[in-house]
file input27.cif (mmCIF, C-alpha atoms)
data_target
#
loop_
_atom_site.group_PDB
_atom_site.id
_atom_site.type_symbol
_atom_site.label_atom_id
_atom_site.label_comp_id
_atom_site.auth_asym_id
_atom_site.auth_seq_id
_atom_site.Cartn_x
_atom_site.Cartn_y
_atom_site.Cartn_z
ATOM 1 C CA MET A 414 0.000 0.000 0.000
ATOM 2 C CA LYS A 415 1.312 3.447 -0.826
ATOM 3 C CA LEU A 416 2.005 5.360 2.382
ATOM 4 C CA THR A 417 2.062 8.738 0.686
ATOM 5 C CA ASN A 418 -1.502 8.297 -0.547
ATOM 6 C CA HIS A 419 -2.894 7.258 2.828
ATOM 7 C CA TYR A 420 -2.130 10.257 4.997
ATOM 8 C CA HIS A 421 -3.205 13.879 4.944
ATOM 9 C CA TYR A 422 -1.212 15.702 7.569
ATOM 10 C CA PRO A 423 -2.374 18.933 9.193
ATOM 11 C CA SER A 424 -0.954 22.063 7.636
ATOM 12 C CA SER A 425 -0.011 23.590 10.984
ATOM 13 C CA SER A 426 3.511 23.561 12.417
ATOM 14 C CA SER A 427 2.491 20.734 14.735
ATOM 15 C CA SER A 428 2.073 18.250 11.888
ATOM 16 C CA HIS A 429 5.253 16.369 12.765
ATOM 17 C CA TYR A 430 3.928 15.807 16.288
ATOM 18 C CA TYR A 431 0.757 14.326 14.784
ATOM 19 C CA HIS A 432 2.815 12.031 12.608
ATOM 20 C CA PHE A 433 4.900 10.855 15.558
ATOM 21 C CA PHE A 434 1.800 10.300 17.701
ATOM 22 C CA PHE A 435 0.007 8.254 15.025
ATOM 23 C CA LEU A 436 2.972 5.978 14.354
ATOM 24 C CA ALA A 437 3.572 5.548 18.088
ATOM 25 C CA ILE A 438 -0.001 4.327 18.538
ATOM 26 C CA LEU A 439 0.434 1.827 15.714
ATOM 27 C CA LEU A 440 3.654 0.525 17.242
ATOM 28 C CA LEU A 441 2.150 0.177 20.688
ATOM 29 C CA SER A 442 -0.817 -1.710 19.268
ATOM 30 C CA HIS A 443 1.457 -4.182 17.497
ATOM 31 C CA PRO A 444 2.385 -7.330 19.453
ATOM 32 C CA ARG A 445 6.093 -6.622 19.140
ATOM 33 C CA THR A 446 8.192 -4.010 17.390
ATOM 34 C CA GLY A 447 11.427 -4.538 15.516
ATOM 35 C CA ARG A 448 11.395 -8.289 15.137
ATOM 36 C CA CYS A 449 7.782 -9.405 15.135
ATOM 37 C CA TYR A 450 7.374 -13.114 15.796
ATOM 38 C CA THR A 451 3.890 -14.509 16.015
ATOM 39 C CA ILE A 452 2.974 -18.039 17.000
ATOM 40 C CA LEU A 453 -0.664 -18.813 16.253
ATOM 41 C CA GLY A 454 -1.978 -20.770 19.173
ATOM 42 C CA GLY A 455 0.311 -18.969 21.617
ATOM 43 C CA LEU A 456 1.503 -15.501 22.527
ATOM 44 C CA PRO A 457 4.492 -14.022 20.676
ATOM 45 C CA PRO A 458 7.715 -15.473 22.128
ATOM 46 C CA ASP A 459 10.436 -13.366 23.704
ATOM 47 C CA PRO A 460 13.075 -12.594 21.023
ATOM 48 C CA THR A 461 15.749 -12.291 23.731
ATOM 49 C CA ASP A 462 15.235 -15.909 24.770
ATOM 50 C CA GLU A 463 18.273 -17.908 23.608
ATOM 51 C CA ASN A 464 16.130 -21.052 23.423
ATOM 52 C CA ASN A 465 13.588 -19.423 21.124
ATOM 53 C CA ASN A 466 13.924 -20.993 17.678
ATOM 54 C CA ASN A 467 11.901 -18.193 16.083
ATOM 55 C CA VAL A 468 14.606 -15.598 16.667
ATOM 56 C CA ASP A 469 16.653 -15.060 13.535
ATOM 57 C CA ASP A 470 20.018 -13.361 13.413
ATOM 58 C CA ASP A 471 18.656 -11.250 10.570
ATOM 59 C CA ASP A 472 16.252 -8.671 12.023
ATOM 60 C CA SER A 473 14.413 -8.494 8.704
ATOM 61 C CA LEU A 474 13.286 -12.144 8.888
ATOM 62 C CA VAL A 475 10.208 -13.236 10.795
ATOM 63 C CA THR A 476 9.058 -16.786 11.469
ATOM 64 C CA ILE A 477 5.356 -17.657 11.632
ATOM 65 C CA THR A 478 3.953 -20.993 12.748
ATOM 66 C CA LEU A 479 0.797 -22.090 10.925
ATOM 67 C CA ARG A 480 -1.010 -24.454 13.272
ATOM 68 C CA HIS A 481 -3.324 -25.834 10.575
ATOM 69 C CA PHE A 482 -0.298 -26.930 8.536
ATOM 70 C CA GLN A 483 0.974 -29.242 11.284
ATOM 71 C CA ASN A 484 2.717 -26.278 12.937
ATOM 72 C CA ARG A 485 4.736 -25.609 9.846
ATOM 73 C CA GLN A 486 7.020 -22.580 10.084
ATOM 74 C CA ILE A 487 7.008 -19.907 7.389
ATOM 75 C CA ARG A 488 9.916 -17.455 7.178
ATOM 76 C CA LEU A 489 9.339 -14.116 5.502
ATOM 77 C CA ARG A 490 11.483 -11.066 4.907
ATOM 78 C CA THR A 491 10.182 -7.771 6.261
ATOM 79 C CA GLN A 492 11.275 -4.184 5.809
ATOM 80 C CA PRO A 493 10.372 -2.483 9.093
ATOM 81 C CA ARG A 494 11.960 0.820 8.031
ATOM 82 C CA ASP A 495 11.872 2.655 4.738
ATOM 83 C CA THR A 496 15.367 2.477 3.284
ATOM 84 C CA HIS A 497 15.191 6.105 2.103
ATOM 85 C CA THR A 498 13.403 7.975 4.900
ATOM 86 C CA GLY A 499 14.069 5.704 7.878
ATOM 87 C CA ARG A 500 10.394 5.945 8.833
ATOM 88 C CA LEU A 501 8.223 3.009 9.796
ATOM 89 C CA SER A 502 7.311 1.021 6.677
ATOM 90 C CA MET A 503 3.621 0.149 6.839
ATOM 91 C CA ALA A 504 3.743 -2.366 3.993
ATOM 92 C CA GLY A 505 7.057 -3.865 5.079
ATOM 93 C CA THR A 506 5.900 -4.717 8.604
ATOM 94 C CA LEU A 507 3.984 -7.818 9.652
ATOM 95 C CA TRP A 508 1.011 -6.429 11.572
ATOM 96 C CA GLU A 509 -1.008 -8.427 14.052
ATOM 97 C CA ALA A 510 -4.109 -9.110 11.964
ATOM 98 C CA GLY A 511 -2.135 -10.758 9.152
ATOM 99 C CA PRO A 512 -1.366 -14.005 10.995
ATOM 100 C CA VAL A 513 -4.952 -14.096 12.297
ATOM 101 C CA LEU A 514 -6.277 -13.872 8.726
ATOM 102 C CA ALA A 515 -3.897 -16.609 7.582
ATOM 103 C CA ASP A 516 -4.981 -18.797 10.493
ATOM 104 C CA TYR A 517 -8.670 -18.409 9.640
ATOM 105 C CA LEU A 518 -8.341 -19.061 5.923
ATOM 106 C CA THR A 519 -6.180 -22.181 6.401
ATOM 107 C CA ASN A 520 -8.534 -23.616 9.011
ATOM 108 C CA PRO A 521 -10.008 -26.902 7.663
ATOM 109 C CA SER A 522 -13.355 -25.726 9.046
ATOM 110 C CA CYS A 523 -13.274 -22.356 7.272
ATOM 111 C CA PRO A 524 -16.853 -21.975 5.972
ATOM 112 C CA LEU A 525 -16.127 -19.958 2.816
ATOM 113 C CA PRO A 526 -18.102 -21.679 0.012
ATOM 114 C CA SER A 527 -15.259 -21.749 -2.529
ATOM 115 C CA PHE A 528 -12.875 -23.197 0.062
ATOM 116 C CA ARG A 529 -15.395 -25.874 1.038
ATOM 117 C CA ARG A 530 -15.817 -26.891 -2.610
ATOM 118 C CA MET A 531 -12.044 -27.151 -2.943
ATOM 119 C CA ARG A 532 -11.832 -29.456 0.069
ATOM 120 C CA VAL A 533 -14.675 -31.613 -1.270
ATOM 121 C CA ARG A 534 -13.007 -32.057 -4.658
ATOM 122 C CA ASP A 535 -9.670 -32.820 -3.029
ATOM 123 C CA GLY A 536 -11.352 -35.552 -0.987
ATOM 124 C CA ASN A 537 -11.022 -33.795 2.360
ATOM 125 C CA GLU A 538 -14.730 -33.737 3.145
ATOM 126 C CA ASN A 539 -17.308 -36.514 2.972
ATOM 127 C CA GLU A 540 -19.503 -35.160 0.222
ATOM 128 C CA ASN A 541 -20.251 -36.589 -3.196
ATOM 129 C CA GLU A 542 -19.793 -34.498 -6.298
ATOM 130 C CA ASN A 543 -20.125 -35.770 -9.849
ATOM 131 C CA GLU A 544 -17.460 -34.708 -12.300
ATOM 132 C CA ASN A 545 -17.255 -35.355 -15.987
ATOM 133 C CA GLU A 546 -14.486 -37.918 -16.394
ATOM 134 C CA ASN A 547 -13.867 -36.799 -19.952
ATOM 135 C CA GLU A 548 -13.001 -33.237 -18.958
ATOM 136 C CA ASN A 549 -9.461 -32.109 -19.474
ATOM 137 C CA GLU A 550 -7.577 -32.782 -16.249
ATOM 138 C CA ASN A 551 -5.792 -29.437 -16.158
ATOM 139 C CA ALA A 552 -8.972 -27.472 -16.895
ATOM 140 C CA SER A 553 -10.797 -29.320 -14.135
ATOM 141 C CA ARG A 554 -7.940 -28.672 -11.745
ATOM 142 C CA PHE A 555 -7.869 -24.971 -12.627
ATOM 143 C CA ARG A 556 -11.621 -24.557 -12.265
ATOM 144 C CA ARG A 557 -11.828 -26.040 -8.802
ATOM 145 C CA ARG A 558 -9.094 -23.838 -7.353
ATOM 146 C CA PRO A 559 -10.566 -20.764 -5.655
ATOM 147 C CA THR A 560 -9.216 -17.451 -6.888
ATOM 148 C CA VAL A 561 -8.126 -14.980 -4.214
ATOM 149 C CA VAL A 562 -7.029 -11.345 -4.406
ATOM 150 C CA GLU A 563 -5.395 -9.800 -1.366
ATOM 151 C CA LEU A 564 -5.403 -6.026 -0.915
ATOM 152 C CA GLY A 565 -2.510 -4.372 0.901
ATOM 153 C CA SER A 566 -0.630 -7.670 1.042
ATOM 154 C CA GLY A 567 2.439 -6.259 2.794
ATOM 155 C CA VAL A 568 4.935 -9.070 3.340
ATOM 156 C CA GLY A 569 2.522 -11.622 1.852
ATOM 157 C CA LEU A 570 1.850 -14.015 4.737
ATOM 158 C CA ALA A 571 -1.875 -14.544 4.067
ATOM 159 C CA SER A 572 -1.354 -14.810 0.307
ATOM 160 C CA LEU A 573 1.365 -17.419 0.730
ATOM 161 C CA ALA A 574 -0.598 -19.432 3.293
ATOM 162 C CA VAL A 575 -3.730 -19.519 1.121
ATOM 163 C CA ALA A 576 -1.676 -20.441 -1.965
ATOM 164 C CA LEU A 577 -0.104 -23.334 -0.075
ATOM 165 C CA SER A 578 -3.674 -24.439 0.711
ATOM 166 C CA GLY A 579 -4.369 -24.814 -3.000
ATOM 167 C CA CYS A 580 -5.814 -21.459 -4.077
ATOM 168 C CA ARG A 581 -4.781 -19.312 -7.020
ATOM 169 C CA VAL A 582 -3.634 -16.090 -5.358
ATOM 170 C CA LEU A 583 -2.840 -12.549 -6.455
ATOM 171 C CA GLY A 584 -1.208 -10.481 -3.714
ATOM 172 C CA THR A 585 -1.451 -6.753 -4.403
ATOM 173 C CA ASP A 586 -0.020 -3.574 -2.954
ATOM 174 C CA GLY A 587 0.119 0.079 -3.932
ATOM 175 C CA ALA A 588 3.887 0.600 -4.090
ATOM 176 C CA LEU A 589 6.391 -1.048 -6.392
ATOM 177 C CA SER A 590 8.849 -1.568 -3.531
ATOM 178 C CA SER A 591 6.171 -3.485 -1.635
ATOM 179 C CA VAL A 592 5.381 -5.609 -4.678
ATOM 180 C CA GLY A 593 9.077 -6.424 -4.948
ATOM 181 C CA LEU A 594 9.144 -7.572 -1.320
ATOM 182 C CA LEU A 595 6.017 -9.644 -1.931
ATOM 183 C CA ASN A 596 7.509 -11.489 -4.869
ATOM 184 C CA GLU A 597 10.775 -12.012 -3.017
ATOM 185 C CA ASN A 598 8.889 -13.802 -0.240
ATOM 186 C CA PHE A 599 6.840 -15.799 -2.727
ATOM 187 C CA GLU A 600 10.021 -16.908 -4.495
ATOM 188 C CA ARG A 601 11.351 -18.329 -1.229
ATOM 189 C CA TYR A 602 8.695 -21.043 -1.537
ATOM 190 C CA GLY A 603 8.548 -21.297 -5.328
ATOM 191 C CA ASP A 604 9.805 -24.887 -5.371
ATOM 192 C CA GLU A 605 6.764 -26.037 -3.416
ATOM 193 C CA PHE A 606 4.333 -25.226 -6.199
ATOM 194 C CA ILE A 607 4.002 -27.904 -8.878
ATOM 195 C CA GLN A 608 2.977 -25.615 -11.710
ATOM 196 C CA ARG A 609 3.828 -22.023 -12.438
ATOM 197 C CA ASP A 610 0.256 -20.803 -11.968
ATOM 198 C CA ASP A 611 0.168 -22.368 -8.498
ATOM 199 C CA LYS A 612 2.643 -19.856 -7.071
ATOM 200 C CA PRO A 613 1.126 -16.608 -5.757
ATOM 201 C CA LYS A 614 1.882 -13.502 -7.775
ATOM 202 C CA GLY A 615 2.629 -10.021 -6.451
ATOM 203 C CA LEU A 616 1.048 -7.196 -8.461
ATOM 204 C CA LEU A 617 0.659 -3.429 -8.249
ATOM 205 C CA LEU A 618 -2.852 -2.206 -7.451
ATOM 206 C CA GLU A 619 -3.671 1.194 -5.973
ATOM 207 C CA TRP A 620 -6.922 1.532 -4.085
ATOM 208 C CA GLY A 621 -9.534 3.677 -5.790
ATOM 209 C CA ASP A 622 -8.247 2.865 -9.281
ATOM 210 C CA GLY A 623 -11.283 1.090 -10.699
ATOM 211 C CA LYS A 624 -9.762 0.756 -14.151
ATOM 212 C CA ALA A 625 -6.686 -1.005 -12.739
ATOM 213 C CA ALA A 626 -8.898 -3.385 -10.737
ATOM 214 C CA ARG A 627 -10.915 -4.283 -13.849
ATOM 215 C CA GLU A 628 -7.735 -4.767 -15.873
ATOM 216 C CA LEU A 629 -6.356 -7.065 -13.182
ATOM 217 C CA MET A 630 -9.449 -9.272 -13.395
ATOM 218 C CA GLU A 631 -9.376 -9.236 -17.181
ATOM 219 C CA LYS A 632 -5.696 -10.117 -17.454
ATOM 220 C CA GLU A 633 -5.183 -12.438 -14.512
ATOM 221 C CA LEU A 634 -8.622 -13.958 -13.867
ATOM 222 C CA GLU A 635 -10.050 -14.323 -17.377
ATOM 223 C CA GLY A 636 -12.404 -11.411 -16.762
ATOM 224 C CA CYS A 637 -14.049 -12.974 -13.701
ATOM 225 C CA PRO A 638 -14.159 -11.491 -10.189
ATOM 226 C CA PRO A 639 -12.204 -13.456 -7.586
ATOM 227 C CA ASP A 640 -13.910 -15.934 -5.293
ATOM 228 C CA VAL A 641 -12.401 -14.179 -2.289
ATOM 229 C CA VAL A 642 -11.116 -10.657 -1.686
ATOM 230 C CA MET A 643 -9.074 -10.609 1.503
ATOM 231 C CA ALA A 644 -7.155 -8.027 3.502
ATOM 232 C CA SER A 645 -5.749 -7.415 6.976
ATOM 233 C CA ASP A 646 -4.884 -4.243 8.887
ATOM 234 C CA VAL A 647 -6.024 -1.991 6.062
ATOM 235 C CA VAL A 648 -8.560 0.242 7.841
ATOM 236 C CA TYR A 649 -6.039 2.238 9.852
ATOM 237 C CA ALA A 650 -6.038 5.551 7.927
ATOM 238 C CA HIS A 651 -9.275 7.481 7.452
ATOM 239 C CA SER A 652 -7.999 9.145 4.287
ATOM 240 C CA ALA A 653 -7.703 5.791 2.483
ATOM 241 C CA ARG A 654 -11.017 4.213 3.453
ATOM 242 C CA GLU A 655 -13.072 5.615 0.585
ATOM 243 C CA GLU A 656 -10.585 4.311 -1.999
ATOM 244 C CA LEU A 657 -10.440 0.929 -0.256
ATOM 245 C CA ASP A 658 -14.255 0.753 -0.283
ATOM 246 C CA GLU A 659 -14.320 1.467 -4.027
ATOM 247 C CA THR A 660 -11.763 -1.224 -4.815
ATOM 248 C CA ILE A 661 -13.549 -3.865 -2.741
ATOM 249 C CA ARG A 662 -16.839 -3.159 -4.530
ATOM 250 C CA GLU A 663 -15.070 -3.307 -7.900
ATOM 251 C CA LEU A 664 -13.532 -6.711 -7.143
ATOM 252 C CA CYS A 665 -16.772 -8.088 -5.669
ATOM 253 C CA PRO A 666 -19.374 -6.512 -7.969
ATOM 254 C CA ALA A 667 -23.143 -6.691 -7.870
ATOM 255 C CA GLY A 668 -24.384 -10.112 -8.913
ATOM 256 C CA HIS A 669 -21.283 -11.934 -7.665
ATOM 257 C CA LEU A 670 -23.301 -13.777 -5.028
ATOM 258 C CA ASP A 671 -20.723 -16.515 -4.463
ATOM 259 C CA GLY A 672 -17.952 -13.993 -3.830
ATOM 260 C CA ARG A 673 -16.738 -13.206 -0.334
ATOM 261 C CA VAL A 674 -14.790 -10.353 1.202
ATOM 262 C CA VAL A 675 -12.780 -11.256 4.316
ATOM 263 C CA ILE A 676 -11.015 -8.572 6.349
ATOM 264 C CA ALA A 677 -9.082 -9.119 9.585
ATOM 265 C CA HIS A 678 -8.961 -5.915 11.583
ATOM 266 C CA ARG A 679 -6.957 -4.878 14.639
ATOM 267 C CA TRP A 680 -8.926 -2.245 16.557
ATOM 268 C CA ARG A 681 -6.766 0.815 17.204
ATOM 269 C CA VAL A 682 -7.102 4.578 17.548
ATOM 270 C CA ASP A 683 -10.532 5.186 15.997
ATOM 271 C CA PRO A 684 -12.823 2.257 16.813
ATOM 272 C CA LYS A 685 -16.014 4.166 15.958
ATOM 273 C CA GLY A 686 -14.677 5.277 12.588
ATOM 274 C CA GLU A 687 -13.240 1.848 11.884
ATOM 275 C CA GLU A 688 -16.561 0.207 12.722
ATOM 276 C CA ALA A 689 -18.356 2.723 10.487
ATOM 277 C CA PHE A 690 -16.209 1.559 7.578
ATOM 278 C CA PHE A 691 -17.589 -1.977 7.853
ATOM 279 C CA LYS A 692 -21.156 -0.790 8.450
ATOM 280 C CA GLY A 693 -20.867 1.286 5.288
ATOM 281 C CA PHE A 694 -21.046 -1.904 3.224
ATOM 282 C CA GLU A 695 -24.426 -2.896 4.630
ATOM 283 C CA ASP A 696 -26.223 -1.102 1.789
ATOM 284 C CA GLU A 697 -25.176 -3.834 -0.651
ATOM 285 C CA PHE A 698 -23.521 -6.529 1.478
ATOM 286 C CA VAL A 699 -24.391 -8.785 4.367
ATOM 287 C CA VAL A 700 -21.652 -8.037 6.923
ATOM 288 C CA GLU A 701 -20.945 -10.555 9.687
ATOM 289 C CA GLU A 702 -18.221 -10.904 12.278
ATOM 290 C CA VAL A 703 -16.601 -14.339 12.225
ATOM 291 C CA PRO A 704 -17.395 -16.307 15.427
ATOM 292 C CA VAL A 705 -14.709 -16.345 18.080
ATOM 293 C CA GLU A 706 -14.201 -20.111 17.787
ATOM 294 C CA PHE A 707 -12.493 -19.535 14.421
ATOM 295 C CA LEU A 708 -9.840 -17.294 15.993
ATOM 296 C CA PRO A 709 -6.479 -18.576 17.303
ATOM 297 C CA PRO A 710 -7.069 -20.500 20.552
ATOM 298 C CA ASP A 711 -4.948 -18.331 22.826
ATOM 299 C CA PRO A 712 -7.156 -16.451 25.345
ATOM 300 C CA TYR A 713 -5.640 -13.164 24.163
ATOM 301 C CA TYR A 714 -7.450 -13.430 20.825
ATOM 302 C CA ARG A 715 -10.728 -14.646 22.338
ATOM 303 C CA THR A 716 -11.125 -12.178 25.197
ATOM 304 C CA ARG A 717 -13.287 -9.115 24.644
ATOM 305 C CA SER A 718 -12.427 -5.718 26.067
ATOM 306 C CA LEU A 719 -14.425 -4.671 29.116
ATOM 307 C CA MET A 720 -14.627 -1.144 27.706
ATOM 308 C CA ASP A 721 -16.172 -1.735 24.284
ATOM 309 C CA LEU A 722 -16.648 -5.537 24.166
ATOM 310 C CA LYS A 723 -14.399 -5.768 21.126
ATOM 311 C CA LEU A 724 -11.875 -8.514 20.483
ATOM 312 C CA PRO A 725 -8.250 -7.443 19.880
ATOM 313 C CA VAL A 726 -8.603 -8.636 16.276
ATOM 314 C CA SER A 727 -11.933 -9.129 14.521
ATOM 315 C CA ILE A 728 -12.547 -10.864 11.207
ATOM 316 C CA PHE A 729 -15.405 -9.582 9.063
ATOM 317 C CA GLU A 730 -16.919 -11.608 6.247
ATOM 318 C CA MET A 731 -19.074 -9.866 3.644
ATOM 319 C CA ARG A 732 -21.215 -11.209 0.806
ATOM 320 C CA ARG A 733 -23.357 -9.507 -1.814
ATOM 321 C CA LYS A 734 -27.113 -9.173 -1.173
ATOM 322 C CA TRP A 735 -27.853 -9.200 -4.875
#

call {"tool": "encode", "arguments": {"input": "input27.cif", "output": "structure tokens"}}
result
Amino acid sequence: MKLTNHYHYPSSSSSHYYHFFFLAILLLSHPRTGRCYTILGGLPPDPTDENNNNVDDDDSLVTITLRHFQNRQIRLRTQPRDTHTGRLSMAGTLWEAGPVLADYLTNPSCPLPSFRRMRVRDGNENENENENENENENASRFRRRPTVVELGSGVGLASLAVALSGCRVLGTDGALSSVGLLNENFERYGDEFIQRDDKPKGLLLEWGDGKAARELMEKELEGCPPDVVMASDVVYAHSAREELDETIRELCPAGHLDGRVVIAHRWRVDPKGEEAFFKGFEDEFVVEEVPVEFLPPDPYYRTRSLMDLKLPVSIFEMRRKW
């Protein structure tokens, strides 16, 4: 995501104090700054612990354990600081909602229709489905793989996890440097994908650019909208919410009743405004919060605040009404 497009700073001389305050809040709301190591199913480990296998000598590497993949560890490169300005890199940091989104979408019980159909056809659920035996094997294989577009992919954790589950994934971001980081992380696991189309692809997509969104679907998805639009930690800046709304509606257009939008959100500085963003879709979408039993099992993720009854991280699932 392009940082310069997502902030409108006050014109007064105190603007740099505002900038410092906003970034400080984001850092404090993140589970750990600098190295960010997240274990789904447990709290983040202490990076100073010599016995902690998740601590890497390279501060730019982070290790994530995916509990639904037999506790498989995924290592990704981050870019916590912009190499030119030294400021916090939003896209280059692994924020807290990203691992929660990856955990939900790789859960064998994830109720998304396209994911359930994939599990049925792969023989992972006890349902019968008739298939034409004379169909071309590759075409059948392509058709049953859900298509997923991630917005604001950052370091690409959710995109990579969903691709390893069997989906065809396009990870997008609004800055070329972020897209480069995305593809670098995808390449780290390139050998695990049997065919070229299996590997997730990092692409440039700026929010609010409807033409670019339509061109992406035309070029990469044969003109069809994706089965799932997903995102995490993208509702943090008020100035970008309108553009994000437009892009989501473009990728999940009217009539795409089987499509789903899934957003994992870490509540931060503006809970009322952040909640209003999700409620704003209720004119055309059914908006539901994912039940707590689908969140990571650690009590931290399943305990609501006494002040506003919100979870630390919520997952919202949206589907078209018509």

call {"tool": "resolve_selection", "arguments": {"input": "input27.cif", "expression": "the PyMOL selection byres ((chain A and resi 591) around 9)", "output": "ChimeraX atom specification"}}
result
/A:414-415,504-505,566-568,585-590,592-596,615,617

call {"tool": "resolve_selection", "arguments": {"input": "input27.cif", "expression": "the PyMOL selection byres ((chain A and resi 642-650) around 9)", "output": "NGL selection string"}}
result
:A and (414 or 419-420 or 439 or 508-514 or 560-566 or 571-572 or 639-641 or 651-654 or 657 or 661 or 664-665 or 672-683 or 687 or 690 or 728)

call {"tool": "closest_residue", "arguments": {"input": "input27.cif", "among": "A:Leu670, A:Ser578, A:Leu507, A:Ile487", "to": "A:Arg601", "atoms": "all atoms listed in the file"}}
result
A:Ile487

call {"tool": "closest_residue", "arguments": {"input": "input27.cif", "among": "A:Asp671, A:Glu663, A:Glu702, A:Glu635", "to": "A:Glu730", "atoms": "all atoms listed in the file"}}
result
A:Glu702

call {"tool": "closest_residue", "arguments": {"input": "input27.cif", "among": "A:Leu708, A:Ile477, A:Ala626, A:Val582", "to": "A:Cys523", "atoms": "all atoms listed in the file"}}
result
A:Leu708

call {"tool": "residues_around", "arguments": {"input": "input27.cif", "residues": "A:Glu628", "least_positions_apart": "4", "cutoff": "12 Å", "atoms": "all atoms listed in the file", "output": "list in words"}}
result
Leu616, Leu617, Leu618, Asp622, Gly623, Lys624, Lys632, Glu633, Leu634, Glu635, Gly636, Cys637, Pro638, Glu663 and Leu664 of chain A

call {"tool": "atom_distance", "arguments": {"input": "input27.cif", "atom1": "atom CA of A:Thr519", "atom2": "atom CA of A:Ala574"}}
result
7.0 Å

call {"tool": "closest_residue", "arguments": {"input": "input27.cif", "among": "A:Met531, A:Leu489, A:Val475, A:Ala667", "to": "A:Lys734", "atoms": "all atoms listed in the file"}}
result
A:Ala667

call {"tool": "atom_distance", "arguments": {"input": "input27.cif", "atom1": "atom CA of A:Thr498", "atom2": "atom CA of A:Thr476"}}
result
26.0 Å

call {"tool": "closest_residue", "arguments": {"input": "input27.cif", "among": "A:Phe691, A:Tyr602, A:Trp735, A:Tyr517", "to": "A:Val703", "atoms": "only C-alpha atoms"}}
result
A:Tyr517

call {"tool": "closest_residue", "arguments": {"input": "input27.cif", "among": "A:Lys692, A:Arg494, A:Arg488, A:Arg530", "to": "A:Met731", "atoms": "all atoms listed in the file"}}
result
A:Lys692

call {"tool": "residues_near_point", "arguments": {"input": "input27.cif", "point": "(-17.3, -1.7, 17.1)", "cutoff": "8 Å", "atoms": "only C-alpha atoms", "output": "MDAnalysis selection string"}}
result
chainID A and resid 684:685 687:688 721 723

call {"tool": "atom_distance", "arguments": {"input": "input27.cif", "atom1": "atom CA of A:Gly686", "atom2": "atom CA of A:Ser727"}}
result
14.8 Å

call {"tool": "resolve_selection", "arguments": {"input": "input27.cif", "expression": "the PyMOL selection byres ((chain A and resi 611) around 9)", "output": "number ranges by chain"}}
result
A: 576-577, 579-582, 606-610, 612-613
